[in-house]
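Chemist: Here you go, this is work_19.cif (mmCIF, C-alpha atoms, pLDDT in the B column; chains and numbers go by the auth columns).
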```cif
data_upload
#
loop_
_atom_site.group_PDB
_atom_site.id
_atom_site.type_symbol
_atom_site.label_atom_id
_atom_site.label_comp_id
_atom_site.label_asym_id
_atom_site.label_seq_id
_atom_site.Cartn_x
_atom_site.Cartn_y
_atom_site.Cartn_z
_atom_site.B_iso_or_equiv
_atom_site.auth_seq_id
_atom_site.auth_asym_id
ATOM 1 C CA MET A 1 0.000 0.000 0.000 51.00 1 U
ATOM 2 C CA ALA A 2 1.426 3.399 -0.995 53.00 2 U
ATOM 3 C CA MET A 3 1.715 6.110 1.654 52.00 3 U
ATOM 4 C CA SER A 4 0.121 9.404 0.858 55.00 4 U
ATOM 5 C CA ASN A 5 0.575 12.736 2.589 58.00 5 U
ATOM 6 C CA ILE A 6 -2.483 13.005 4.787 60.00 6 U
ATOM 7 C CA GLN A 7 -2.552 16.079 6.974 60.00 7 U
ATOM 8 C CA THR A 8 -5.203 16.842 9.543 57.00 8 U
ATOM 9 C CA THR A 9 -5.668 18.384 12.951 59.00 9 U
ATOM 10 C CA ASP A 10 -9.120 16.875 13.475 56.00 10 U
ATOM 11 C CA SER A 11 -8.934 14.788 16.654 55.00 11 U
ATOM 12 C CA VAL A 12 -11.549 12.260 15.474 53.00 12 U
ATOM 13 C CA ALA A 13 -9.747 11.688 12.183 50.00 13 U
ATOM 14 C CA LEU A 14 -6.424 11.355 13.989 48.00 14 U
ATOM 15 C CA ARG A 15 -7.896 8.674 16.257 55.00 15 U
ATOM 16 C CA TYR A 16 -8.734 6.541 13.198 51.00 16 U
ATOM 17 C CA LEU A 17 -5.478 7.258 11.357 53.00 17 U
ATOM 18 C CA ILE A 18 -3.089 6.623 14.237 57.00 18 U
ATOM 19 C CA THR A 19 -3.564 3.168 15.644 58.00 19 U
ATOM 20 C CA GLU A 20 -0.122 2.601 17.207 57.00 20 U
ATOM 21 C CA THR A 21 0.954 3.857 20.599 54.00 21 U
ATOM 22 C CA LEU A 22 3.110 6.902 20.009 50.00 22 U
ATOM 23 C CA PHE A 23 4.236 7.447 23.564 49.00 23 U
ATOM 24 C CA GLY A 24 4.128 4.638 26.060 53.00 24 U
ATOM 25 C CA MET A 25 4.162 5.368 29.760 51.00 25 U
ATOM 26 C CA ASP A 26 4.762 3.056 32.645 56.00 26 U
ATOM 27 C CA GLU A 27 1.889 3.330 35.105 56.00 27 U
ATOM 28 C CA ASP A 28 4.342 3.582 38.014 58.00 28 U
ATOM 29 C CA ALA A 29 6.525 6.286 36.394 51.00 29 U
ATOM 30 C CA PRO A 30 6.815 9.542 38.384 53.00 30 U
ATOM 31 C CA VAL A 31 4.967 12.507 36.938 49.00 31 U
ATOM 32 C CA THR A 32 7.375 15.235 35.853 49.00 32 U
ATOM 33 C CA ALA A 33 4.970 17.429 33.876 49.00 33 U
ATOM 34 C CA ALA A 34 4.875 20.024 36.649 47.00 34 U
ATOM 35 C CA ILE A 35 8.556 20.865 36.100 44.00 35 U
ATOM 36 C CA GLY A 36 7.964 21.502 32.410 47.00 36 U
ATOM 37 C CA GLU A 37 4.939 23.635 33.213 48.00 37 U
ATOM 38 C CA LEU A 38 6.938 25.755 35.669 44.00 38 U
ATOM 39 C CA SER A 39 9.639 26.486 33.140 44.00 39 U
ATOM 40 C CA ALA A 40 7.008 27.435 30.563 46.00 40 U
ATOM 41 C CA VAL A 41 5.396 29.851 33.023 47.00 41 U
ATOM 42 C CA ALA A 42 8.728 31.377 33.969 47.00 42 U
ATOM 43 C CA THR A 43 9.607 32.163 30.353 49.00 43 U
ATOM 44 C CA ALA A 44 6.167 33.483 29.376 50.00 44 U
ATOM 45 C CA PRO A 45 6.162 37.249 28.717 56.00 45 U
ATOM 46 C CA ALA A 46 4.519 39.451 31.324 62.00 46 U
ATOM 47 C CA ALA A 47 0.959 40.478 30.531 70.00 47 U
ATOM 48 C CA ALA A 48 0.531 44.033 29.302 72.00 48 U
ATOM 49 C CA PRO A 49 -0.998 46.371 31.887 81.00 49 U
ATOM 50 C CA GLN A 50 -4.737 46.998 31.689 88.00 50 U
ATOM 51 C CA PHE A 51 -6.281 50.349 32.577 90.00 51 U
ATOM 52 C CA PRO A 52 -9.782 51.247 33.785 93.00 52 U
ATOM 53 C CA PHE A 53 -11.139 54.023 31.580 94.00 53 U
ATOM 54 C CA TYR A 54 -14.289 55.907 30.700 95.00 54 U
ATOM 55 C CA GLY A 55 -15.488 55.616 27.093 95.00 55 U
ATOM 56 C CA LYS A 56 -14.718 53.052 24.412 96.00 56 U
ATOM 57 C CA ASN A 57 -11.674 54.588 22.646 95.00 57 U
ATOM 58 C CA VAL A 58 -13.177 54.133 19.155 96.00 58 U
ATOM 59 C CA ARG A 59 -11.270 57.090 17.636 96.00 59 U
ATOM 60 C CA ASN A 60 -8.156 56.749 19.809 96.00 60 U
ATOM 61 C CA TYR A 61 -8.553 60.156 21.453 96.00 61 U
ATOM 62 C CA LEU A 62 -7.071 59.759 24.938 96.00 62 U
ATOM 63 C CA PHE A 63 -7.954 62.245 27.682 95.00 63 U
ATOM 64 C CA LEU A 64 -5.732 62.142 30.780 94.00 64 U
ATOM 65 C CA ALA A 65 -6.949 63.515 34.097 94.00 65 U
ATOM 66 C CA SER A 66 -5.611 63.346 37.636 91.00 66 U
ATOM 67 C CA ASP A 67 -8.457 63.579 40.110 91.00 67 U
ATOM 68 C CA PRO A 68 -8.002 61.178 43.048 90.00 68 U
ATOM 69 C CA GLN A 69 -11.331 62.263 44.587 91.00 69 U
ATOM 70 C CA HIS A 70 -13.494 61.056 41.689 89.00 70 U
ATOM 71 C CA GLU A 71 -13.710 57.900 39.600 91.00 71 U
ATOM 72 C CA TRP A 72 -13.307 59.856 36.349 92.00 72 U
ATOM 73 C CA LEU A 73 -13.931 63.596 36.883 93.00 73 U
ATOM 74 C CA SER A 74 -16.122 65.762 39.089 92.00 74 U
ATOM 75 C CA VAL A 75 -19.794 65.793 38.076 94.00 75 U
ATOM 76 C CA SER A 76 -19.513 69.290 36.587 94.00 76 U
ATOM 77 C CA ALA A 77 -16.266 68.427 34.755 93.00 77 U
ATOM 78 C CA LEU A 78 -17.746 65.224 33.321 94.00 78 U
ATOM 79 C CA GLU A 79 -20.766 67.229 32.177 95.00 79 U
ATOM 80 C CA ALA A 80 -18.430 69.782 30.526 94.00 80 U
ATOM 81 C CA LEU A 81 -16.561 66.959 28.778 94.00 81 U
ATOM 82 C CA THR A 82 -19.857 65.540 27.497 94.00 82 U
ATOM 83 C CA LYS A 83 -20.954 68.964 26.199 95.00 83 U
ATOM 84 C CA THR A 84 -17.571 69.452 24.521 94.00 84 U
ATOM 85 C CA LEU A 85 -17.807 66.070 22.809 95.00 85 U
ATOM 86 C CA THR A 86 -21.383 66.792 21.679 96.00 86 U
ATOM 87 C CA ALA A 87 -20.287 70.134 20.202 95.00 87 U
ATOM 88 C CA LEU A 88 -17.566 68.266 18.285 95.00 88 U
ATOM 89 C CA LYS A 89 -20.128 65.677 17.087 95.00 89 U
ATOM 90 C CA LEU A 90 -18.422 63.010 19.184 95.00 90 U
ATOM 91 C CA THR A 91 -19.627 60.742 21.992 95.00 91 U
ATOM 92 C CA ALA A 92 -17.987 59.122 25.002 94.00 92 U
ATOM 93 C CA ASP A 93 -17.558 56.017 22.816 96.00 93 U
ATOM 94 C CA ASP A 94 -15.083 57.955 20.644 96.00 94 U
ATOM 95 C CA ILE A 95 -12.685 58.750 23.482 96.00 95 U
ATOM 96 C CA ALA A 96 -10.935 57.158 26.418 96.00 96 U
ATOM 97 C CA LEU A 97 -10.670 59.063 29.692 96.00 97 U
ATOM 98 C CA LEU A 98 -8.002 57.740 32.028 96.00 98 U
ATOM 99 C CA ASN A 99 -7.916 59.172 35.537 94.00 99 U
ATOM 100 C CA LEU A 100 -4.298 58.784 36.614 92.00 100 U
ATOM 101 C CA GLY A 101 -5.196 60.066 40.080 91.00 101 U
ATOM 102 C CA THR A 102 -6.987 56.817 40.916 91.00 102 U
ATOM 103 C CA LEU A 103 -4.091 54.545 39.938 90.00 103 U
ATOM 104 C CA SER A 104 -1.677 53.269 42.575 88.00 104 U
ATOM 105 C CA ALA A 105 1.378 54.385 40.560 86.00 105 U
ATOM 106 C CA MET A 106 2.057 56.508 37.490 83.00 106 U
ATOM 107 C CA PRO A 107 2.105 54.102 34.544 87.00 107 U
ATOM 108 C CA GLN A 108 4.889 54.068 32.003 86.00 108 U
ATOM 109 C CA GLN A 109 4.322 56.089 28.844 85.00 109 U
ATOM 110 C CA GLY A 110 4.913 53.005 26.671 87.00 110 U
ATOM 111 C CA ASP A 111 2.282 51.000 28.565 91.00 111 U
ATOM 112 C CA ILE A 112 -0.342 53.722 28.122 91.00 112 U
ATOM 113 C CA PHE A 113 0.498 54.227 24.450 90.00 113 U
ATOM 114 C CA ALA A 114 0.475 50.462 23.770 92.00 114 U
ATOM 115 C CA PHE A 115 -2.871 49.977 25.547 94.00 115 U
ATOM 116 C CA PHE A 116 -4.749 52.976 24.093 95.00 116 U
ATOM 117 C CA ASN A 117 -2.875 53.435 20.793 95.00 117 U
ATOM 118 C CA PRO A 118 -3.758 57.152 20.853 95.00 118 U
ATOM 119 C CA LYS A 119 -3.659 59.468 17.866 95.00 119 U
ATOM 120 C CA ILE A 120 -4.291 62.456 20.117 94.00 120 U
ATOM 121 C CA VAL A 121 -3.694 62.844 23.853 93.00 121 U
ATOM 122 C CA VAL A 122 -5.451 65.654 25.720 94.00 122 U
ATOM 123 C CA SER A 123 -3.724 66.181 29.057 92.00 123 U
ATOM 124 C CA LEU A 124 -6.227 67.891 31.360 93.00 124 U
ATOM 125 C CA GLY A 125 -3.810 69.634 33.714 89.00 125 U
ATOM 126 C CA VAL A 126 -1.799 66.447 34.216 87.00 126 U
ATOM 127 C CA SER A 127 1.919 66.709 34.814 79.00 127 U
ATOM 128 C CA LEU A 128 3.422 64.074 32.516 76.00 128 U
ATOM 129 C CA PRO A 129 6.689 62.783 33.999 67.00 129 U
ATOM 130 C CA TRP A 130 7.701 61.056 30.782 70.00 130 U
ATOM 131 C CA GLU A 131 10.636 61.595 28.498 67.00 131 U
ATOM 132 C CA GLY A 132 9.931 64.429 26.082 65.00 132 U
ATOM 133 C CA PHE A 133 7.362 66.106 28.377 65.00 133 U
ATOM 134 C CA ALA A 134 9.055 68.780 30.486 62.00 134 U
ATOM 135 C CA ASN A 135 5.713 69.898 32.011 69.00 135 U
ATOM 136 C CA PRO A 136 4.666 72.171 29.129 75.00 136 U
ATOM 137 C CA GLU A 137 2.640 75.326 29.580 79.00 137 U
ATOM 138 C CA PRO A 138 -1.143 74.937 29.345 82.00 138 U
ATOM 139 C CA ASN A 139 -2.592 75.134 25.836 85.00 139 U
ATOM 140 C CA THR A 140 0.558 73.733 24.296 86.00 140 U
ATOM 141 C CA VAL A 141 0.358 71.262 21.423 91.00 141 U
ATOM 142 C CA LEU A 142 3.304 68.903 21.034 86.00 142 U
ATOM 143 C CA ALA A 143 4.144 66.134 18.603 85.00 143 U
ATOM 144 C CA HIS A 144 5.586 63.075 20.323 81.00 144 U
ATOM 145 C CA GLN A 145 6.313 59.737 18.635 82.00 145 U
ATOM 146 C CA GLY A 146 3.731 60.487 15.937 88.00 146 U
ATOM 147 C CA ILE A 147 1.097 61.393 18.549 89.00 147 U
ATOM 148 C CA THR A 148 -0.356 64.879 19.003 92.00 148 U
ATOM 149 C CA VAL A 149 -0.344 65.861 22.676 90.00 149 U
ATOM 150 C CA PHE A 150 -2.460 68.813 23.810 92.00 150 U
ATOM 151 C CA HIS A 151 -1.564 69.953 27.326 90.00 151 U
ATOM 152 C CA THR A 152 -4.368 72.083 28.757 92.00 152 U
ATOM 153 C CA PHE A 153 -6.200 73.005 31.946 93.00 153 U
ATOM 154 C CA THR A 154 -8.480 70.761 34.003 93.00 154 U
ATOM 155 C CA PHE A 155 -12.176 71.055 33.222 92.00 155 U
ATOM 156 C CA ASP A 156 -12.741 72.398 36.740 93.00 156 U
ATOM 157 C CA GLU A 157 -10.237 75.226 36.044 93.00 157 U
ATOM 158 C CA MET A 158 -11.929 75.980 32.733 93.00 158 U
ATOM 159 C CA LEU A 159 -15.368 76.095 34.360 93.00 159 U
ATOM 160 C CA ALA A 160 -14.065 78.754 36.781 95.00 160 U
ATOM 161 C CA ASP A 161 -12.296 80.859 34.107 95.00 161 U
ATOM 162 C CA ALA A 162 -13.954 81.760 30.789 94.00 162 U
ATOM 163 C CA GLU A 163 -10.607 82.692 29.192 95.00 163 U
ATOM 164 C CA LYS A 164 -9.158 79.235 29.906 94.00 164 U
ATOM 165 C CA LYS A 165 -12.314 77.674 28.443 93.00 165 U
ATOM 166 C CA ARG A 166 -12.002 79.853 25.317 94.00 166 U
ATOM 167 C CA LEU A 167 -8.336 78.897 24.836 94.00 167 U
ATOM 168 C CA PHE A 168 -9.176 75.200 25.258 93.00 168 U
ATOM 169 C CA TRP A 169 -12.068 75.328 22.803 94.00 169 U
ATOM 170 C CA GLY A 170 -10.007 77.201 20.190 93.00 170 U
ATOM 171 C CA THR A 171 -7.449 74.366 20.128 93.00 171 U
ATOM 172 C CA VAL A 172 -9.531 71.251 20.789 93.00 172 U
ATOM 173 C CA LYS A 173 -11.975 71.948 17.952 93.00 173 U
ATOM 174 C CA THR A 174 -9.090 71.882 15.477 93.00 174 U
ATOM 175 C CA LEU A 175 -7.593 68.671 16.903 91.00 175 U
ATOM 176 C CA LEU A 176 -10.607 66.408 17.407 87.00 176 U
ATOM 177 C CA ILE A 177 -12.170 66.505 13.965 77.00 177 U
#
```
What would you get if you wrote out this structure as structure tokens?

Modeler:
Amino acid sequence: MAMSNIQTTDSVALRYLITETLFGMDEDAPVTAAIGELSAVATAPAAAPQFPFYGKNVRNYLFLASDPQHEWLSVSALEALTKTLTALKLTADDIALLNLGTLSAMPQQGDIFAFFNPKIVVSLGVSLPWEGFANPEPNTVLAHQGITVFHTFTFDEMLADAEKKRLFWGTVKTLLI
């Protein structure tokens, strides 16, 4: 009988095709699978950090806040964000809002960029201790690693000062189109 090249990954088909014992094992042999499993776990790459955020990040517009007293922003600031998005014909689904103030430690820039893959970052009064961000003045737009970064005031500051709100609106409406 001539051998042909039969290839399959179907377990039922393999059961009919392979009738010989491929690996025999003595019933009294010690189990050493745990050692192999430990070495596989030790060499597995660390899982990428996950971040809790508001929105769905559909358009990769990342807003960064630092408000340890609120889950995302104060009620009035969250309302102002919603009104801003509506005026730009966007929704919360289009953005991601990450409140760094609720995290136990400041995440690495690479972890945030890998997780959110942002096109635009709007830093709402957040001091960014990352390379290339020497705490810029508010209402500064920077280009960093192909990402536009807009450093501005917090929404609470803008709600208390009409000039800060005007400066924010003048820039954000040109960025988030």

Chemist: Using only C-alpha atoms, which residues sit within 6 Å of region 95-98 of chain U once same-chain residues fewer than 4 positions away are excluded, as a list in words?

Modeler: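 Selected residues are Phe53, Tyr54, Gly55, Lys56, Asn57, Tyr61, Leu62, Phe63 and Leu64 of chain U.
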
Chemist: Write out as an mmCIF file with C-alpha atoms, in the coordinates of the input which residues come within 12 Å of Arg166 (chain U) when counting only C-alpha atoms, dropping same-chain ones fewer than 5 positions away.

Modeler:
```cif
data_model
loop_
_atom_site.group_PDB
_atom_site.id
_atom_site.type_symbol
_atom_site.label_atom_id
_atom_site.label_comp_id
_atom_site.auth_asym_id
_atom_site.auth_seq_id
_atom_site.Cartn_x
_atom_site.Cartn_y
_atom_site.Cartn_z
ATOM 1 C CA THR U 84 -17.571 69.452 24.521
ATOM 2 C CA ASN U 139 -2.592 75.134 25.836
ATOM 3 C CA THR U 152 -4.368 72.083 28.757
ATOM 4 C CA PHE U 153 -6.200 73.005 31.946
ATOM 5 C CA PHE U 155 -12.176 71.055 33.222
ATOM 6 C CA GLU U 157 -10.237 75.226 36.044
ATOM 7 C CA MET U 158 -11.929 75.980 32.733
ATOM 8 C CA LEU U 159 -15.368 76.095 34.360
ATOM 9 C CA ALA U 160 -14.065 78.754 36.781
ATOM 10 C CA ASP U 161 -12.296 80.859 34.107
ATOM 11 C CA THR U 171 -7.449 74.366 20.128
ATOM 12 C CA VAL U 172 -9.531 71.251 20.789
ATOM 13 C CA LYS U 173 -11.975 71.948 17.952
#
```

Chemist: Which of these, U:Ala48, U:Ile120, U:Ala65, U:Ile177, has the shortest distance to Leu90 (chain U) once you count all atoms listed in the file?

Modeler: U:Ile177

Chemist: For a quick check of understanding, using only C-alpha atoms, which of U:Ala87, U:Leu103, U:Val121, U:Val58 has the smallest distance to Trp72 (chain U)?

Modeler: U:Leu103

Chemist: Do you have the CA of His144 (chain U)-CA of Gln50 (chain U) distance handy?

Modeler: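 For CA of His144 (chain U) relative to CA of Gln50 (chain U), the distance reads 22.2 Å.
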
Chemist: Just to confirm, what's the straight-line distance from CA of Gln109 (chain U) to CA of Trp130 (chain U) in Å (one decimal)?

Modeler: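 Between CA of Gln109 (chain U) and CA of Trp130 (chain U) the gap works out to 6.3 Å.
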